[in-house]
file model_7.pdb (PDB, C-alpha atoms and all ligand atoms)
ATOM      1  CA  MET K   1      10.779 -25.105  23.043
ATOM      2  CA  ARG K   2       9.163 -21.823  23.999
ATOM      3  CA  VAL K   3       9.929 -18.914  21.688
ATOM      4  CA  THR K   4       8.931 -15.272  22.101
ATOM      5  CA  ILE K   5       8.756 -13.501  18.736
ATOM      6  CA  VAL K   6       9.699  -9.816  19.078
ATOM      7  CA  PRO K   7       8.797  -7.689  16.037
ATOM      8  CA  ILE K   8      11.460  -5.015  15.487
ATOM      9  CA  GLY K   9      10.753  -2.031  13.245
ATOM     10  CA  ARG K  10       7.782  -2.531  10.907
ATOM     11  CA  PRO K  11       7.683  -6.165   9.894
ATOM     12  CA  ASP K  12       4.571  -7.072   7.964
ATOM     13  CA  ALA K  13       1.786  -8.223  10.328
ATOM     14  CA  ALA K  14       0.622 -11.041   8.061
ATOM     15  CA  SER K  15       4.180 -12.371   7.731
ATOM     16  CA  LEU K  16       4.551 -12.367  11.522
ATOM     17  CA  ARG K  17       1.296 -14.216  11.996
ATOM     18  CA  MET K  18       2.233 -16.844   9.408
ATOM     19  CA  LEU K  19       5.682 -17.277  10.947
ATOM     20  CA  ALA K  20       4.150 -17.844  14.378
ATOM     21  CA  GLU K  21       1.769 -20.427  12.887
ATOM     22  CA  ASP K  22       4.545 -22.176  10.994
ATOM     23  CA  LEU K  23       6.838 -22.276  14.041
ATOM     24  CA  ALA K  24       3.997 -23.772  16.074
ATOM     25  CA  GLU K  25       3.518 -26.406  13.393
ATOM     26  CA  ALA K  26       7.265 -27.104  13.496
ATOM     27  CA  GLY K  27       6.960 -27.873  17.214
ATOM     28  CA  PHE K  28       7.916 -24.539  18.762
ATOM     29  CA  ASN K  29       5.689 -22.963  21.361
ATOM     30  CA  ALA K  30       5.651 -19.470  19.837
ATOM     31  CA  ALA K  31       4.063 -16.313  21.218
ATOM     32  CA  THR K  32       4.389 -12.810  19.769
ATOM     33  CA  ALA K  33       5.354  -9.833  21.953
ATOM     34  CA  ASP K  34       4.761  -6.126  21.342
ATOM     35  CA  ARG K  35       6.596  -4.450  18.488
ATOM     36  CA  GLU K  36       9.654  -2.396  19.328
ATOM     37  CA  GLU K  37      12.095  -0.070  17.586
ATOM     38  CA  ALA K  38      15.590  -1.171  16.645
ATOM     39  CA  PRO K  39      18.308   0.410  18.811
ATOM     40  CA  ALA K  40      19.449   3.635  17.127
ATOM     41  CA  ARG K  41      23.098   2.775  17.761
ATOM     42  CA  ALA K  42      22.702  -0.308  15.549
ATOM     43  CA  TYR K  43      22.006   1.801  12.461
ATOM     44  CA  ASP K  44      24.762   2.568   9.973
ATOM     45  CA  PRO K  45      23.590   5.567   7.917
ATOM     46  CA  ALA K  46      26.279   5.075   5.263
ATOM     47  CA  ARG K  47      25.203   1.489   4.589
ATOM     48  CA  ARG K  48      21.536   2.072   5.409
ATOM     49  CA  GLN K  49      21.610  -1.220   7.276
ATOM     50  CA  TYR K  50      21.502  -2.300  10.902
ATOM     51  CA  ARG K  51      24.310  -4.127  12.679
ATOM     52  CA  ALA K  52      22.888  -7.558  13.397
ATOM     53  CA  ASP K  53      25.002  -8.079  16.526
ATOM     54  CA  ALA K  54      23.858  -4.788  18.087
ATOM     55  CA  VAL K  55      20.186  -5.585  17.416
ATOM     56  CA  LEU K  56      20.714  -9.092  18.814
ATOM     57  CA  ASP K  57      22.323  -7.678  21.964
ATOM     58  CA  ALA K  58      19.311  -5.456  22.591
ATOM     59  CA  LEU K  59      17.101  -8.577  22.651
ATOM     60  CA  ARG K  60      18.925  -9.939  25.697
ATOM     61  CA  ARG K  61      16.929  -7.760  28.079
ATOM     62  CA  HIS K  62      13.819  -9.810  27.277
ATOM     63  CA  GLY K  63      13.036 -12.601  29.679
ATOM     64  CA  GLY K  64      11.792 -15.977  28.589
ATOM     65  CA  ALA K  65      13.412 -19.138  27.358
ATOM     66  CA  CYS K  66      14.225 -17.966  23.876
ATOM     67  CA  VAL K  67      13.672 -14.702  22.021
ATOM     68  CA  LEU K  68      13.428 -14.439  18.227
ATOM     69  CA  GLY K  69      13.625 -10.908  16.851
ATOM     70  CA  VAL K  70      11.974 -10.466  13.450
ATOM     71  CA  THR K  71      12.722  -7.272  11.575
ATOM     72  CA  ASP K  72      12.013  -5.724   8.199
ATOM     73  CA  PHE K  73      15.387  -3.935   8.296
ATOM     74  CA  ASP K  74      18.340  -5.215   6.308
ATOM     75  CA  LEU K  75      21.066  -6.569   8.607
ATOM     76  CA  TYR K  76      24.848  -6.817   8.250
ATOM     77  CA  LEU K  77      27.923  -7.875  10.150
ATOM     78  CA  ASP K  78      31.496  -6.680   9.745
ATOM     79  CA  GLY K  79      32.972  -8.331   6.681
ATOM     80  CA  LEU K  80      29.605  -9.358   5.232
ATOM     81  CA  ASN K  81      27.380  -7.428   2.827
ATOM     82  CA  PHE K  82      24.302  -8.655   4.628
ATOM     83  CA  VAL K  83      23.035 -11.482   6.824
ATOM     84  CA  PHE K  84      19.637 -13.174   6.817
ATOM     85  CA  GLY K  85      19.896 -13.623  10.562
ATOM     86  CA  LEU K  86      22.105 -14.150  13.557
ATOM     87  CA  ALA K  87      21.971 -16.046  16.830
ATOM     88  CA  ALA K  88      23.936 -16.483  20.002
ATOM     89  CA  GLY K  89      25.241 -20.051  19.910
ATOM     90  CA  HIS K  90      24.105 -21.936  23.015
ATOM     91  CA  GLY K  91      22.272 -18.709  23.803
ATOM     92  CA  ARG K  92      18.825 -17.374  24.259
ATOM     93  CA  VAL K  93      18.522 -14.804  21.482
ATOM     94  CA  ALA K  94      18.089 -15.096  17.728
ATOM     95  CA  LEU K  95      17.275 -12.610  15.005
ATOM     96  CA  ILE K  96      16.070 -12.787  11.407
ATOM     97  CA  SER K  97      15.401 -10.148   8.769
ATOM     98  CA  LEU K  98      12.537 -10.385   6.300
ATOM     99  CA  ALA K  99      14.115  -7.656   4.120
ATOM    100  CA  ARG K 100      15.534  -9.960   1.450
ATOM    101  CA  LEU K 101      13.191 -12.914   1.724
ATOM    102  CA  GLY K 102      10.555 -11.579  -0.668
ATOM    103  CA  ALA K 103      12.982 -11.253  -3.590
ATOM    104  CA  ASN K 104      11.834 -13.114  -6.723
ATOM    105  CA  ALA K 105       9.333 -15.036  -4.690
ATOM    106  CA  ASP K 106       5.647 -15.758  -4.556
ATOM    107  CA  PRO K 107       4.112 -15.333  -1.085
ATOM    108  CA  GLY K 108       4.400 -19.048  -0.335
ATOM    109  CA  THR K 109       8.121 -19.076  -1.045
ATOM    110  CA  ALA K 110       8.746 -15.965   1.064
ATOM    111  CA  ARG K 111       6.796 -17.581   3.899
ATOM    112  CA  ALA K 112       8.829 -20.784   3.671
ATOM    113  CA  ARG K 113      12.084 -18.791   3.644
ATOM    114  CA  ALA K 114      11.142 -16.969   6.854
ATOM    115  CA  LEU K 115      10.424 -20.254   8.621
ATOM    116  CA  LYS K 116      13.699 -21.811   7.427
ATOM    117  CA  GLU K 117      15.772 -18.837   8.566
ATOM    118  CA  ALA K 118      13.962 -18.755  11.914
ATOM    119  CA  VAL K 119      14.429 -22.485  12.583
ATOM    120  CA  HIS K 120      18.076 -22.200  11.484
ATOM    121  CA  GLU K 121      18.816 -19.419  13.963
ATOM    122  CA  LEU K 122      16.859 -21.152  16.730
ATOM    123  CA  GLY K 123      18.970 -24.239  15.992
ATOM    124  CA  HIS K 124      22.073 -22.184  16.767
ATOM    125  CA  THR K 125      20.608 -21.119  20.111
ATOM    126  CA  ILE K 126      20.177 -24.807  20.986
ATOM    127  CA  GLY K 127      23.860 -25.254  20.177
ATOM    128  CA  LEU K 128      23.755 -26.688  16.657
ATOM    129  CA  ASP K 129      26.454 -25.733  14.160
ATOM    130  CA  HIS K 130      26.207 -25.547  10.395
ATOM    131  CA  CYS K 131      25.500 -28.816   8.607
ATOM    132  CA  ASP K 132      26.970 -30.122   5.321
ATOM    133  CA  ASP K 133      23.635 -31.583   4.241
ATOM    134  CA  ALA K 134      22.283 -29.051   1.726
ATOM    135  CA  ARG K 135      18.706 -30.135   2.508
ATOM    136  CA  CYS K 136      19.090 -29.664   6.266
ATOM    137  CA  VAL K 137      17.778 -26.458   7.813
ATOM    138  CA  MET K 138      21.191 -25.972   9.499
ATOM    139  CA  TYR K 139      22.921 -25.695   6.111
ATOM    140  CA  PHE K 140      24.465 -22.227   5.753
ATOM    141  CA  SER K 141      22.586 -20.134   3.163
ATOM    142  CA  ASN K 142      24.908 -17.943   1.166
ATOM    143  CA  CYS K 143      22.019 -16.851  -1.006
ATOM    144  CA  LEU K 144      18.309 -17.451  -1.426
ATOM    145  CA  VAL K 145      18.962 -20.326  -3.854
ATOM    146  CA  ASP K 146      20.492 -22.166  -0.891
ATOM    147  CA  THR K 147      17.554 -21.233   1.302
ATOM    148  CA  ASP K 148      15.052 -22.421  -1.293
ATOM    149  CA  HIS K 149      16.916 -25.697  -1.754
ATOM    150  CA  LYS K 150      17.054 -26.611   1.906
ATOM    151  CA  THR K 151      14.056 -27.846   3.870
ATOM    152  CA  GLY K 152      12.712 -26.327   7.077
ATOM    153  CA  ARG K 153      13.704 -29.439   9.033
ATOM    154  CA  PHE K 154      16.749 -30.768  10.839
ATOM    155  CA  CYS K 155      18.456 -33.762   9.184
ATOM    156  CA  ALA K 156      18.624 -36.965  11.227
ATOM    157  CA  SER K 157      22.051 -36.177  12.660
ATOM    158  CA  CYS K 158      21.176 -32.573  13.620
ATOM    159  CA  LEU K 159      17.944 -33.768  15.195
ATOM    160  CA  ALA K 160      19.854 -36.360  17.221
ATOM    161  CA  ARG K 161      22.364 -33.700  18.262
ATOM    162  CA  ALA K 162      19.578 -31.277  19.222
ATOM    163  CA  ARG K 163      18.034 -33.946  21.433
ATOM    164  CA  HIS K 164      21.412 -34.721  22.966
ATOM    165  CA  LEU K 165      22.103 -31.031  23.677
ATOM    166  CA  ALA K 166      18.671 -30.600  25.216
ATOM    167  CA  LEU K 167      19.540 -33.293  27.737
ATOM    168  CA  GLN K 168      22.734 -31.563  28.885
ATOM    169  CA  PRO K 169      22.670 -30.049  32.379
ATOM    170  CA  GLY K 170      21.471 -26.483  32.194
ATOM    171  CA  ALA K 171      20.085 -26.903  28.688
ATOM    172  CA  LYS K 172      16.809 -25.322  27.728
ATOM    173  CA  THR K 173      13.949 -27.756  27.557
ATOM    174  CA  PRO K 174      13.107 -28.353  23.895
TER     175      PRO K 174
HETATM  176 ZN    ZN E   1      23.893 -20.216  10.685
HETATM  177 ZN    ZN E   2      21.886 -31.317   9.546
END
call {"tool": "encode", "arguments": {"input": "model_7.pdb", "output": "structure tokens"}}
result
Amino acid sequence: MRVTIVPIGRPDAASLRMLAEDLAEAGFNAATADREEAPARAYDPARRQYRADAVLDALRRHGGACVLGVTDFDLYLDGLNFVFGLAAGHGRVALISLARLGANADPGTARARALKEAVHELGHTIGLDHCDDARCVMYFSNCLVDTDHKTGRFCASCLARARHLALQPGAKTP
């Protein structure tokens, strides 16, 4: 599956490079586009966070099979204190934030967290839902303990479902 990584804001260059490498190793055909600013209307000055859905929407103007926004800003959605990422289900756009991934972590752990969150959101764009298997990358992370516990890979049933979805008419080629 082709993925265009779009840096939003000032994400760390080394983290972006490692994420692109790790996605390639995970089987994604990843290329990195030019950095861009987050849409001003997405910013909530009272919360000092960006609305994840507004940032995600702004990614839709990019062409390409699938677009993964990567930002250093903290993201939120109505009703949630923060989100690690967001994606359009059966869509083309996904978004992750690196803001919280470095907490209590050595560089290797932060790197692994970024890959897991990216693969998770890309899984949603394929059409996968959350998975009950706590080791599966599609498990919903409430906190970084969940993220650290899960692997960066799809469980057997999610992988089978991903392959099935990819064969549907109009599906993106994996
Ligand atoms: Zn999810
Ligand atoms: Zn699964």
call {"tool": "residues_near_ligand", "arguments": {"input": "model_7.pdb", "ligand": "ligand ZN 2 (chain E)", "cutoff": "8 Å", "atoms": "only C-alpha atoms and all ligand atoms", "output": "PyMOL selection string"}}
result
chain K and resi 130-133+135-139+154-159
call {"tool": "closest_residue", "arguments": {"input": "model_7.pdb", "among": "K:Ala160, K:Leu86, K:Ala94, K:Ala110", "to": "ligand ZN 1 (chain E)", "atoms": "all atoms listed in the file"}}
result
K:Leu86
call {"tool": "closest_residue", "arguments": {"input": "model_7.pdb", "among": "K:Arg61, K:His149, K:Arg10, K:Arg92", "to": "Ala38 of chain K", "atoms": "only C-alpha atoms"}}
result
K:Arg10
call {"tool": "residues_near_ligand", "arguments": {"input": "model_7.pdb", "ligand": "ligand ZN 1 (chain E)", "cutoff": "12 Å", "atoms": "all atoms listed in the file", "output": "PyMOL selection string"}}
result
chain K and resi 83-89+94-96+116-132+136-142+147
call {"tool": "atom_distance", "arguments": {"input": "model_7.pdb", "atom1": "atom CA of Gly91 of chain K", "atom2": "atom CA of Leu77 of chain K"}}
result
18.3 Å
call {"tool": "resolve_selection", "arguments": {"input": "model_7.pdb", "expression": "the PyMOL selection byres (((chain K and resi 34) around 8) and not hetatm)", "output": "MDAnalysis selection string"}}
result
chainID K and resid 6:7 32:33 35:36
call {"tool": "write_last_selection", "arguments": {"input": "model_7.pdb", "atoms": "C-alpha atoms", "output": "tab-separated table (two decimals), in the frame of the given file"}}
result
chain	number	residue	atom	x	y	z
K	6	VAL	CA	9.70	-9.82	19.08
K	7	PRO	CA	8.80	-7.69	16.04
K	32	THR	CA	4.39	-12.81	19.77
K	33	ALA	CA	5.35	-9.83	21.95
K	35	ARG	CA	6.60	-4.45	18.49
K	36	GLU	CA	9.65	-2.40	19.33
call {"tool": "resolve_selection", "arguments": {"input": "model_7.pdb", "expression": "the PyMOL selection byres (((chain K and resi 114) around 12) and not hetatm)", "output": "PyMOL selection string"}}
result
chain K and resi 11-12+15-23+68-72+84-85+95-102+105+107-113+115-121+137+144+147-148+151-152
call {"tool": "residues_around", "arguments": {"input": "model_7.pdb", "residues": "Leu56 of chain K", "least_positions_apart": "2", "cutoff": "7 Å", "atoms": "all atoms listed in the file", "output": "list in words"}}
result
Ala52, Asp53, Ala54, Ala58, Leu59, Val93, Ala94 and Leu95 of chain K
call {"tool": "closest_residue", "arguments": {"input": "model_7.pdb", "among": "K:Val145, K:Asp78, K:Val67, K:Ile8", "to": "Asn104 of chain K", "atoms": "only C-alpha atoms"}}
result
K:Val145
call {"tool": "decode", "arguments": {"input": "model_7.pdb", "residues": "segment 111-146 of chain K", "atoms": "N, CA, C and O atoms", "output": "compact mmCIF listing (two decimals), in the first residue's frame"}}
result
# COMPACT_ATOMS: atom_id res chain seq x y z
N ARG K 111 9.99 5.28 19.18
CA ARG K 111 9.98 4.91 17.76
C ARG K 111 8.96 3.80 17.49
O ARG K 111 8.19 3.87 16.53
N ALA K 112 8.95 2.80 18.37
CA ALA K 112 7.99 1.70 18.19
C ALA K 112 6.56 2.19 18.35
O ALA K 112 5.66 1.76 17.62
N ARG K 113 6.33 3.12 19.28
CA ARG K 113 4.98 3.66 19.49
C ARG K 113 4.49 4.37 18.23
O ARG K 113 3.33 4.23 17.84
N ALA K 114 5.36 5.15 17.61
CA ALA K 114 4.96 5.89 16.40
C ALA K 114 4.55 4.92 15.30
O ALA K 114 3.53 5.13 14.63
N LEU K 115 5.32 3.86 15.13
CA LEU K 115 4.97 2.88 14.09
C LEU K 115 3.63 2.23 14.40
O LEU K 115 2.77 2.08 13.51
N LYS K 116 3.42 1.83 15.67
CA LYS K 116 2.17 1.16 16.04
C LYS K 116 0.97 2.07 15.79
O LYS K 116 -0.05 1.64 15.25
N GLU K 117 1.09 3.34 16.20
CA GLU K 117 -0.04 4.26 15.99
C GLU K 117 -0.28 4.49 14.50
O GLU K 117 -1.42 4.59 14.04
N ALA K 118 0.80 4.58 13.73
CA ALA K 118 0.65 4.79 12.28
C ALA K 118 -0.03 3.59 11.62
O ALA K 118 -0.98 3.74 10.85
N VAL K 119 0.44 2.39 11.93
CA VAL K 119 -0.14 1.18 11.32
C VAL K 119 -1.60 1.04 11.75
O VAL K 119 -2.47 0.67 10.95
N HIS K 120 -1.88 1.36 13.02
CA HIS K 120 -3.26 1.31 13.53
C HIS K 120 -4.18 2.22 12.70
O HIS K 120 -5.23 1.78 12.23
N GLU K 121 -3.76 3.46 12.52
CA GLU K 121 -4.62 4.39 11.78
C GLU K 121 -4.72 3.99 10.30
O GLU K 121 -5.78 4.13 9.69
N LEU K 122 -3.63 3.52 9.73
CA LEU K 122 -3.68 3.05 8.34
C LEU K 122 -4.62 1.85 8.23
O LEU K 122 -5.33 1.69 7.22
N GLY K 123 -4.64 1.01 9.27
CA GLY K 123 -5.58 -0.12 9.30
C GLY K 123 -7.02 0.36 9.20
O GLY K 123 -7.85 -0.25 8.52
N HIS K 124 -7.33 1.46 9.89
CA HIS K 124 -8.69 2.01 9.79
C HIS K 124 -8.99 2.47 8.37
O HIS K 124 -10.13 2.32 7.90
N THR K 125 -8.01 3.05 7.69
CA THR K 125 -8.29 3.52 6.33
C THR K 125 -8.60 2.34 5.40
O THR K 125 -9.37 2.47 4.46
N ILE K 126 -8.00 1.19 5.69
CA ILE K 126 -8.29 -0.01 4.90
C ILE K 126 -9.72 -0.48 5.18
O ILE K 126 -10.36 -1.09 4.32
N GLY K 127 -10.21 -0.16 6.37
CA GLY K 127 -11.55 -0.58 6.74
C GLY K 127 -11.60 -1.47 7.97
O GLY K 127 -12.65 -1.98 8.34
N LEU K 128 -10.45 -1.64 8.64
CA LEU K 128 -10.42 -2.47 9.84
C LEU K 128 -10.99 -1.70 11.04
O LEU K 128 -10.80 -0.50 11.15
N ASP K 129 -11.67 -2.44 11.91
CA ASP K 129 -12.18 -1.87 13.16
C ASP K 129 -11.23 -2.23 14.29
O ASP K 129 -10.23 -2.91 14.08
N HIS K 130 -11.60 -1.82 15.50
CA HIS K 130 -10.78 -2.19 16.65
C HIS K 130 -10.89 -3.68 16.92
O HIS K 130 -11.90 -4.31 16.63
N CYS K 131 -9.81 -4.22 17.48
CA CYS K 131 -9.68 -5.66 17.69
C CYS K 131 -9.58 -5.93 19.20
O CYS K 131 -9.01 -5.13 19.93
N ASP K 132 -10.15 -7.06 19.65
CA ASP K 132 -10.12 -7.40 21.08
C ASP K 132 -8.78 -7.99 21.51
O ASP K 132 -8.52 -8.10 22.70
N ASP K 133 -7.97 -8.38 20.55
CA ASP K 133 -6.67 -8.98 20.87
C ASP K 133 -5.70 -7.88 21.30
O ASP K 133 -5.31 -7.04 20.49
N ALA K 134 -5.33 -7.90 22.58
CA ALA K 134 -4.51 -6.81 23.14
C ALA K 134 -3.11 -6.73 22.53
O ALA K 134 -2.39 -5.75 22.73
N ARG K 135 -2.70 -7.78 21.80
CA ARG K 135 -1.39 -7.76 21.16
C ARG K 135 -1.48 -7.30 19.70
O ARG K 135 -0.46 -7.09 19.05
N CYS K 136 -2.71 -7.18 19.21
CA CYS K 136 -2.90 -6.79 17.80
C CYS K 136 -2.77 -5.28 17.66
O CYS K 136 -3.19 -4.52 18.53
N VAL K 137 -2.21 -4.85 16.56
CA VAL K 137 -2.01 -3.40 16.34
C VAL K 137 -3.35 -2.66 16.26
O VAL K 137 -3.40 -1.44 16.50
N MET K 138 -4.45 -3.37 15.96
CA MET K 138 -5.75 -2.71 15.88
C MET K 138 -6.46 -2.63 17.23
O MET K 138 -7.58 -2.13 17.33
N TYR K 139 -5.80 -3.08 18.30
CA TYR K 139 -6.34 -2.90 19.64
C TYR K 139 -6.37 -1.40 19.95
O TYR K 139 -5.43 -0.68 19.62
N PHE K 140 -7.45 -0.94 20.59
CA PHE K 140 -7.57 0.49 20.91
C PHE K 140 -6.68 0.83 22.11
O PHE K 140 -6.82 0.23 23.17
N SER K 141 -5.78 1.80 21.93
CA SER K 141 -4.90 2.22 23.03
C SER K 141 -5.55 3.36 23.80
O SER K 141 -5.70 4.46 23.28
N ASN K 142 -5.92 3.06 25.03
CA ASN K 142 -6.41 4.12 25.91
C ASN K 142 -5.26 4.94 26.47
O ASN K 142 -5.41 6.09 26.82
N CYS K 143 -4.12 4.28 26.59
CA CYS K 143 -2.95 4.92 27.20
C CYS K 143 -1.71 4.24 26.62
O CYS K 143 -1.80 3.24 25.92
N LEU K 144 -0.56 4.79 26.95
CA LEU K 144 0.68 4.28 26.37
C LEU K 144 1.02 2.87 26.85
O LEU K 144 1.73 2.14 26.17
N VAL K 145 0.49 2.49 28.03
CA VAL K 145 0.70 1.11 28.49
C VAL K 145 0.09 0.14 27.47
O VAL K 145 0.68 -0.89 27.13
N ASP K 146 -1.10 0.50 26.97
CA ASP K 146 -1.74 -0.33 25.94
C ASP K 146 -0.89 -0.35 24.66
O ASP K 146 -0.72 -1.40 24.03
